[in-house]
$ cat my_file15.pdb   # PDB, C-alpha atoms
ATOM      1  CA  MET A   1      97.332 217.351 -62.212
ATOM      2  CA  LYS A   2      94.390 217.100 -64.473
ATOM      3  CA  ALA A   3      91.382 215.293 -63.226
ATOM      4  CA  GLN A   4      90.937 212.147 -65.218
ATOM      5  CA  GLN A   5      87.619 211.699 -66.861
ATOM      6  CA  VAL A   6      86.038 208.339 -66.457
ATOM      7  CA  ILE A   7      83.868 207.361 -69.344
ATOM      8  CA  GLN A   8      81.368 204.779 -68.394
ATOM      9  CA  VAL A   9      80.105 202.697 -71.285
ATOM     10  CA  LYS A  10      76.763 201.016 -70.826
ATOM     11  CA  SER A  11      76.400 197.386 -71.697
ATOM     12  CA  ARG A  12      73.864 196.187 -74.240
ATOM     13  CA  GLU A  13      71.657 194.938 -71.406
ATOM     14  CA  GLU A  14      71.712 198.322 -69.652
ATOM     15  CA  ILE A  15      70.807 200.095 -72.880
ATOM     16  CA  ARG A  16      67.998 197.595 -73.481
ATOM     17  CA  ASP A  17      66.647 198.129 -69.974
ATOM     18  CA  ASP A  18      66.795 201.929 -70.363
ATOM     19  CA  ILE A  19      64.825 201.723 -73.606
ATOM     20  CA  GLN A  20      62.300 199.322 -72.116
ATOM     21  CA  PHE A  21      61.809 201.518 -69.042
ATOM     22  CA  ALA A  22      61.303 204.558 -71.281
ATOM     23  CA  ALA A  23      58.737 202.627 -73.331
ATOM     24  CA  LEU A  24      56.911 201.514 -70.187
ATOM     25  CA  ASP A  25      56.925 205.053 -68.793
ATOM     26  CA  THR A  26      55.416 206.264 -72.065
ATOM     27  CA  VAL A  27      52.702 203.609 -71.953
ATOM     28  CA  VAL A  28      51.802 204.630 -68.396
ATOM     29  CA  SER A  29      51.818 208.344 -69.283
ATOM     30  CA  PHE A  30      49.586 207.879 -72.299
ATOM     31  CA  ASN A  31      47.252 205.585 -70.397
ATOM     32  CA  SER A  32      46.893 208.177 -67.646
ATOM     33  CA  LEU A  33      46.032 210.859 -70.179
ATOM     34  CA  TYR A  34      43.545 208.617 -71.950
ATOM     35  CA  ALA A  35      41.974 207.471 -68.686
ATOM     36  CA  VAL A  36      41.330 211.084 -67.696
ATOM     37  CA  SER A  37      39.884 211.866 -71.113
ATOM     38  CA  SER A  38      37.603 208.844 -70.897
ATOM     39  CA  PHE A  39      35.682 210.635 -68.162
ATOM     40  CA  LEU A  40      34.775 213.410 -70.575
ATOM     41  CA  GLY A  41      31.820 211.355 -71.718
ATOM     42  CA  PHE A  42      30.393 211.113 -68.222
ATOM     43  CA  SER A  43      29.736 214.845 -68.262
ATOM     44  CA  LEU A  44      27.668 214.428 -71.422
ATOM     45  CA  THR A  45      25.271 211.790 -70.171
ATOM     46  CA  THR A  46      22.403 214.157 -69.409
ATOM     47  CA  ILE A  47      19.110 212.930 -70.790
ATOM     48  CA  GLY A  48      17.259 215.398 -72.989
ATOM     49  CA  LEU A  49      20.249 217.012 -74.692
ATOM     50  CA  HIS A  50      19.442 218.188 -78.187
ATOM     51  CA  SER A  51      22.001 218.043 -80.967
ATOM     52  CA  ILE A  52      22.971 221.208 -82.772
ATOM     53  CA  ASP A  53      21.821 219.572 -86.028
ATOM     54  CA  GLY A  54      18.282 220.771 -85.360
ATOM     55  CA  ARG A  55      16.486 218.174 -87.505
ATOM     56  CA  LEU A  56      13.740 216.066 -85.970
ATOM     57  CA  GLY A  57      14.866 212.528 -85.321
ATOM     58  CA  CYS A  58      18.572 213.435 -85.296
ATOM     59  CA  ASP A  59      18.895 213.706 -81.521
ATOM     60  CA  ALA A  60      20.640 210.859 -79.743
ATOM     61  CA  ASN A  61      18.382 208.598 -77.725
ATOM     62  CA  ILE A  62      18.901 207.007 -74.323
ATOM     63  CA  SER A  63      20.526 203.993 -75.979
ATOM     64  CA  THR A  64      23.350 206.202 -77.316
ATOM     65  CA  ILE A  65      23.912 207.627 -73.840
ATOM     66  CA  ARG A  66      23.995 204.129 -72.317
ATOM     67  CA  THR A  67      26.438 202.995 -74.986
ATOM     68  CA  LEU A  68      28.615 206.033 -74.295
ATOM     69  CA  MET A  69      28.718 205.182 -70.581
ATOM     70  CA  PHE A  70      29.551 201.545 -71.349
ATOM     71  CA  PHE A  71      32.389 202.472 -73.724
ATOM     72  CA  GLU A  72      33.795 204.983 -71.216
ATOM     73  CA  VAL A  73      33.905 202.397 -68.431
ATOM     74  CA  ILE A  74      35.436 199.697 -70.637
ATOM     75  CA  SER A  75      38.011 202.147 -72.002
ATOM     76  CA  PHE A  76      38.998 203.202 -68.494
ATOM     77  CA  ALA A  77      39.292 199.561 -67.415
ATOM     78  CA  PHE A  78      41.647 198.702 -70.290
ATOM     79  CA  PHE A  79      43.837 201.767 -69.680
ATOM     80  CA  LEU A  80      44.026 201.027 -65.957
ATOM     81  CA  THR A  81      44.880 197.370 -66.632
ATOM     82  CA  SER A  82      47.600 198.343 -69.091
ATOM     83  CA  SER A  83      49.116 200.809 -66.625
ATOM     84  CA  TRP A  84      49.218 198.255 -63.825
ATOM     85  CA  VAL A  85      50.762 195.666 -66.135
ATOM     86  CA  ALA A  86      53.393 198.219 -67.231
ATOM     87  CA  HIS A  87      54.253 199.050 -63.624
ATOM     88  CA  GLY A  88      54.475 195.337 -62.853
ATOM     89  CA  LEU A  89      56.784 194.854 -65.834
ATOM     90  CA  LYS A  90      59.174 197.470 -64.510
ATOM     91  CA  ILE A  91      59.379 195.527 -61.250
ATOM     92  CA  MET A  92      59.761 192.266 -63.167
ATOM     93  CA  ILE A  93      62.686 193.656 -65.195
ATOM     94  CA  LYS A  94      64.399 194.795 -61.998
ATOM     95  CA  LEU A  95      63.885 191.364 -60.435
ATOM     96  CA  VAL A  96      65.219 189.528 -63.478
ATOM     97  CA  ASN A  97      68.308 191.762 -63.499
ATOM     98  CA  ALA A  98      68.831 191.291 -59.769
ATOM     99  CA  ALA A  99      68.498 187.521 -60.051
ATOM    100  CA  GLU A 100      71.138 186.994 -62.732
ATOM    101  CA  SER A 101      72.680 184.181 -60.703
ATOM    102  CA  ASN A 102      69.432 182.665 -59.398
ATOM    103  CA  LYS A 103      68.693 179.905 -61.921
ATOM    104  CA  GLU A 104      65.391 178.865 -60.311
ATOM    105  CA  PHE A 105      63.970 182.388 -60.485
ATOM    106  CA  ARG A 106      65.240 182.941 -64.013
ATOM    107  CA  SER A 107      63.600 179.697 -65.170
ATOM    108  CA  HIS A 108      60.199 181.237 -64.334
ATOM    109  CA  PHE A 109      60.814 184.844 -65.411
ATOM    110  CA  ASN A 110      63.028 185.574 -68.358
ATOM    111  CA  ARG A 111      63.218 188.063 -71.219
ATOM    112  CA  LYS A 112      60.695 186.124 -73.308
ATOM    113  CA  SER A 113      58.095 186.252 -70.543
ATOM    114  CA  ILE A 114      58.726 189.991 -70.160
ATOM    115  CA  ARG A 115      58.099 190.469 -73.882
ATOM    116  CA  LYS A 116      54.855 188.498 -73.730
ATOM    117  CA  VAL A 117      53.571 190.521 -70.804
ATOM    118  CA  MET A 118      54.563 193.747 -72.572
ATOM    119  CA  LEU A 119      52.533 192.701 -75.589
ATOM    120  CA  CYS A 120      49.567 192.198 -73.233
ATOM    121  CA  ALA A 121      50.012 195.753 -71.917
ATOM    122  CA  ILE A 122      50.161 197.108 -75.469
ATOM    123  CA  PHE A 123      47.101 195.100 -76.508
ATOM    124  CA  SER A 124      45.193 196.411 -73.490
ATOM    125  CA  SER A 125      46.133 199.988 -74.448
ATOM    126  CA  ILE A 126      44.959 199.373 -78.011
ATOM    127  CA  LEU A 127      41.605 198.086 -76.774
ATOM    128  CA  GLY A 128      41.333 201.108 -74.480
ATOM    129  CA  CYS A 129      41.935 203.389 -77.471
ATOM    130  CA  ILE A 130      39.319 201.579 -79.543
ATOM    131  CA  PHE A 131      36.685 201.990 -76.844
ATOM    132  CA  LEU A 132      37.705 205.607 -76.264
ATOM    133  CA  ILE A 133      37.281 206.314 -79.988
ATOM    134  CA  LEU A 134      33.855 204.656 -79.918
ATOM    135  CA  SER A 135      32.835 206.736 -76.916
ATOM    136  CA  ILE A 136      33.971 209.967 -78.594
ATOM    137  CA  VAL A 137      31.949 209.019 -81.680
ATOM    138  CA  ASN A 138      28.959 208.728 -79.356
ATOM    139  CA  ILE A 139      29.760 212.165 -77.909
ATOM    140  CA  LEU A 140      29.746 213.502 -81.466
ATOM    141  CA  GLN A 141      26.343 211.905 -82.029
ATOM    142  CA  ILE A 142      24.953 213.441 -78.843
ATOM    143  CA  ARG A 143      26.245 216.926 -79.644
ATOM    144  CA  LEU A 144      26.145 217.065 -83.456
ATOM    145  CA  GLY A 145      23.423 214.576 -84.422
ATOM    146  CA  ILE A 146      23.345 210.841 -84.946
ATOM    147  CA  LEU A 147      25.390 209.304 -87.756
ATOM    148  CA  SER A 148      22.334 207.908 -89.525
ATOM    149  CA  CYS A 149      21.205 211.509 -90.236
ATOM    150  CA  ARG A 150      24.491 211.974 -92.102
ATOM    151  CA  SER A 151      25.166 215.378 -90.624
ATOM    152  CA  PRO A 152      28.405 216.507 -92.317
ATOM    153  CA  SER A 153      29.995 217.661 -89.071
ATOM    154  CA  THR A 154      29.232 214.353 -87.329
ATOM    155  CA  VAL A 155      30.488 212.200 -90.203
ATOM    156  CA  GLN A 156      33.605 214.307 -90.840
ATOM    157  CA  GLY A 157      34.423 214.446 -87.133
ATOM    158  CA  ALA A 158      34.026 210.688 -86.711
ATOM    159  CA  VAL A 159      36.084 209.852 -89.807
ATOM    160  CA  ALA A 160      38.855 212.289 -88.868
ATOM    161  CA  LEU A 161      38.948 210.943 -85.318
ATOM    162  CA  VAL A 162      39.199 207.317 -86.418
ATOM    163  CA  VAL A 163      41.836 207.947 -89.108
ATOM    164  CA  ILE A 164      44.095 210.304 -87.138
ATOM    165  CA  VAL A 165      44.012 208.391 -83.857
ATOM    166  CA  SER A 166      44.486 205.056 -85.634
ATOM    167  CA  CYS A 167      47.609 206.380 -87.372
ATOM    168  CA  GLY A 168      49.015 207.606 -84.063
ATOM    169  CA  VAL A 169      48.251 204.328 -82.308
ATOM    170  CA  VAL A 170      49.844 202.254 -85.076
ATOM    171  CA  PHE A 171      53.002 204.370 -84.990
ATOM    172  CA  HIS A 172      53.299 204.355 -81.197
ATOM    173  CA  VAL A 173      52.575 200.651 -80.873
ATOM    174  CA  GLY A 174      55.039 199.818 -83.644
ATOM    175  CA  ILE A 175      57.869 201.730 -81.966
ATOM    176  CA  THR A 176      57.022 200.265 -78.558
ATOM    177  CA  VAL A 177      56.976 196.718 -79.931
ATOM    178  CA  LEU A 178      60.328 197.339 -81.631
ATOM    179  CA  ALA A 179      61.756 198.542 -78.335
ATOM    180  CA  PHE A 180      60.874 195.243 -76.703
ATOM    181  CA  LEU A 181      61.447 192.748 -79.449
ATOM    182  CA  TYR A 182      64.638 193.955 -81.071
ATOM    183  CA  VAL A 183      66.609 195.712 -78.358
TER
END
$ encode --input "my_file15.pdb" --output "structure tokens"
Amino acid sequence: MKAQQVIQVKSREEIRDDIQFAALDTVVSFNSLYAVSSFLGFSLTTIGLHSIDGRLGCDANISTIRTLMFFEVISFAFFLTSSWVAHGLKIMIKLVNAAESNKEFRSHFNRKSIRKVMLCAIFSSILGCIFLILSIVNILQIRLGILSCRSPSTVQGAVALVVIVSCGVVFHVGITVLAFLYV
């Protein structure tokens, strides 16, 4: 006798949950990577560094270093917040699925509330990216010369960073939002 193959078809809800879990895992993974990279600036906070520009007055001052530290800390805080919210959402989705018959629980936590919280996690990641970009621009100023000196390498590096990362963030956020709003 041949062994019969059992084909298990997932319901729309199971597919939706799989996609949402994948999106949340991606948010957490990216946030972890960004949080680690946000500490790059801490290694560049030595006072007295001279830029490779070489012109007088083009070295970053203490204010730039303070701003770099501030942006690094804020960036890390947003990425950490987003990751915790994403982990909490995964638990929330499991609870909502487990409480299908519990009307009282479902009146407090439903799919709309999950979507709203997910948008908060995405917004927190976006803010983390913005502050990370600002901190990297400050790293460029410390190493290559301040932007007001219009050093070509500083300006080109800053513009490329802002444009390329912004495109990536818009694409990733758009797909993630689609995963939660339309699936």
$ residues_near_point --input "my_file15.pdb" --point "(31.2, 215.6, -87.3)" --cutoff "12 Å" --atoms "all atoms listed in the file" --output "compact mmCIF listing (two decimals) with C-alpha atoms, keeping the file's coordinate frame"
# COMPACT_ATOMS: atom_id res chain seq x y z
CA SER A 51 22.00 218.04 -80.97
CA ILE A 52 22.97 221.21 -82.77
CA ASP A 53 21.82 219.57 -86.03
CA ILE A 136 33.97 209.97 -78.59
CA VAL A 137 31.95 209.02 -81.68
CA ASN A 138 28.96 208.73 -79.36
CA ILE A 139 29.76 212.16 -77.91
CA LEU A 140 29.75 213.50 -81.47
CA GLN A 141 26.34 211.90 -82.03
CA ILE A 142 24.95 213.44 -78.84
CA ARG A 143 26.24 216.93 -79.64
CA LEU A 144 26.14 217.06 -83.46
CA GLY A 145 23.42 214.58 -84.42
CA ILE A 146 23.34 210.84 -84.95
CA LEU A 147 25.39 209.30 -87.76
CA SER A 148 22.33 207.91 -89.52
CA CYS A 149 21.20 211.51 -90.24
CA ARG A 150 24.49 211.97 -92.10
CA SER A 151 25.17 215.38 -90.62
CA PRO A 152 28.40 216.51 -92.32
CA SER A 153 30.00 217.66 -89.07
CA THR A 154 29.23 214.35 -87.33
CA VAL A 155 30.49 212.20 -90.20
CA GLN A 156 33.60 214.31 -90.84
CA GLY A 157 34.42 214.45 -87.13
CA ALA A 158 34.03 210.69 -86.71
CA VAL A 159 36.08 209.85 -89.81
CA ALA A 160 38.85 212.29 -88.87
CA LEU A 161 38.95 210.94 -85.32
CA VAL A 162 39.20 207.32 -86.42
$ residues_around --input "my_file15.pdb" --residues "A:Ile74" --least-positions-apart "5" --cutoff "9 Å" --atoms "only C-alpha atoms" --output "JSON, numbers by chain"
{"A": [69, 79, 127, 128, 131, 132]}
$ closest_residue --input "my_file15.pdb" --among "A:Val165, A:Ile114, A:Phe71, A:Thr26" --to "A:Asn97" --atoms "all atoms listed in the file"
A:Ile114
$ atom_distance --input "my_file15.pdb" --atom1 "atom CA of A:Ile19" --atom2 "atom CA of A:Ser166"
23.9 Å
$ atom_distance --input "my_file15.pdb" --atom1 "atom CA of A:Ala77" --atom2 "atom CA of A:Leu119"
17.0 Å
$ closest_residue --input "my_file15.pdb" --among "A:Ser113, A:Ile93, A:Arg55, A:Ile130" --to "A:Arg16" --atoms "all atoms listed in the file"
A:Ile93
$ atom_distance --input "my_file15.pdb" --atom1 "atom CA of A:Asn31" --atom2 "atom CA of A:Ile15"
24.3 Å
$ residues_around --input "my_file15.pdb" --residues "A:Val170" --least-positions-apart "4" --cutoff "12 Å" --atoms "only C-alpha atoms" --output "PyMOL selection string"
chain A and resi 122-123+125-126+129-130+162-166+174-177
$ closest_residue --input "my_file15.pdb" --among "A:Leu56, A:Leu24, A:Ile65, A:Ile133" --to "A:Lys90" --atoms "only C-alpha atoms"
A:Leu24
$ residues_around --input "my_file15.pdb" --residues "A:Ala86" --least-positions-apart "3" --cutoff "9 Å" --atoms "all atoms listed in the file" --output "PyMOL selection string"
chain A and resi 24-25+27-28+81-83+89-91+117-118+121-122
$ write_last_selection --input "my_file15.pdb" --atoms "C-alpha atoms" --output "PDB file, in the frame of the given file"
ATOM      1  CA  LEU A  24      56.911 201.514 -70.187  1.00  0.00           C
ATOM      2  CA  ASP A  25      56.925 205.053 -68.793  1.00  0.00           C
ATOM      3  CA  VAL A  27      52.702 203.609 -71.953  1.00  0.00           C
ATOM      4  CA  VAL A  28      51.802 204.630 -68.396  1.00  0.00           C
ATOM      5  CA  THR A  81      44.880 197.370 -66.632  1.00  0.00           C
ATOM      6  CA  SER A  82      47.600 198.343 -69.091  1.00  0.00           C
ATOM      7  CA  SER A  83      49.116 200.809 -66.625  1.00  0.00           C
ATOM      8  CA  LEU A  89      56.784 194.854 -65.834  1.00  0.00           C
ATOM      9  CA  LYS A  90      59.174 197.470 -64.510  1.00  0.00           C
ATOM     10  CA  ILE A  91      59.379 195.527 -61.250  1.00  0.00           C
ATOM     11  CA  VAL A 117      53.571 190.521 -70.804  1.00  0.00           C
ATOM     12  CA  MET A 118      54.563 193.747 -72.572  1.00  0.00           C
ATOM     13  CA  ALA A 121      50.012 195.753 -71.917  1.00  0.00           C
ATOM     14  CA  ILE A 122      50.161 197.108 -75.469  1.00  0.00           C
TER      15      ILE A 122
END
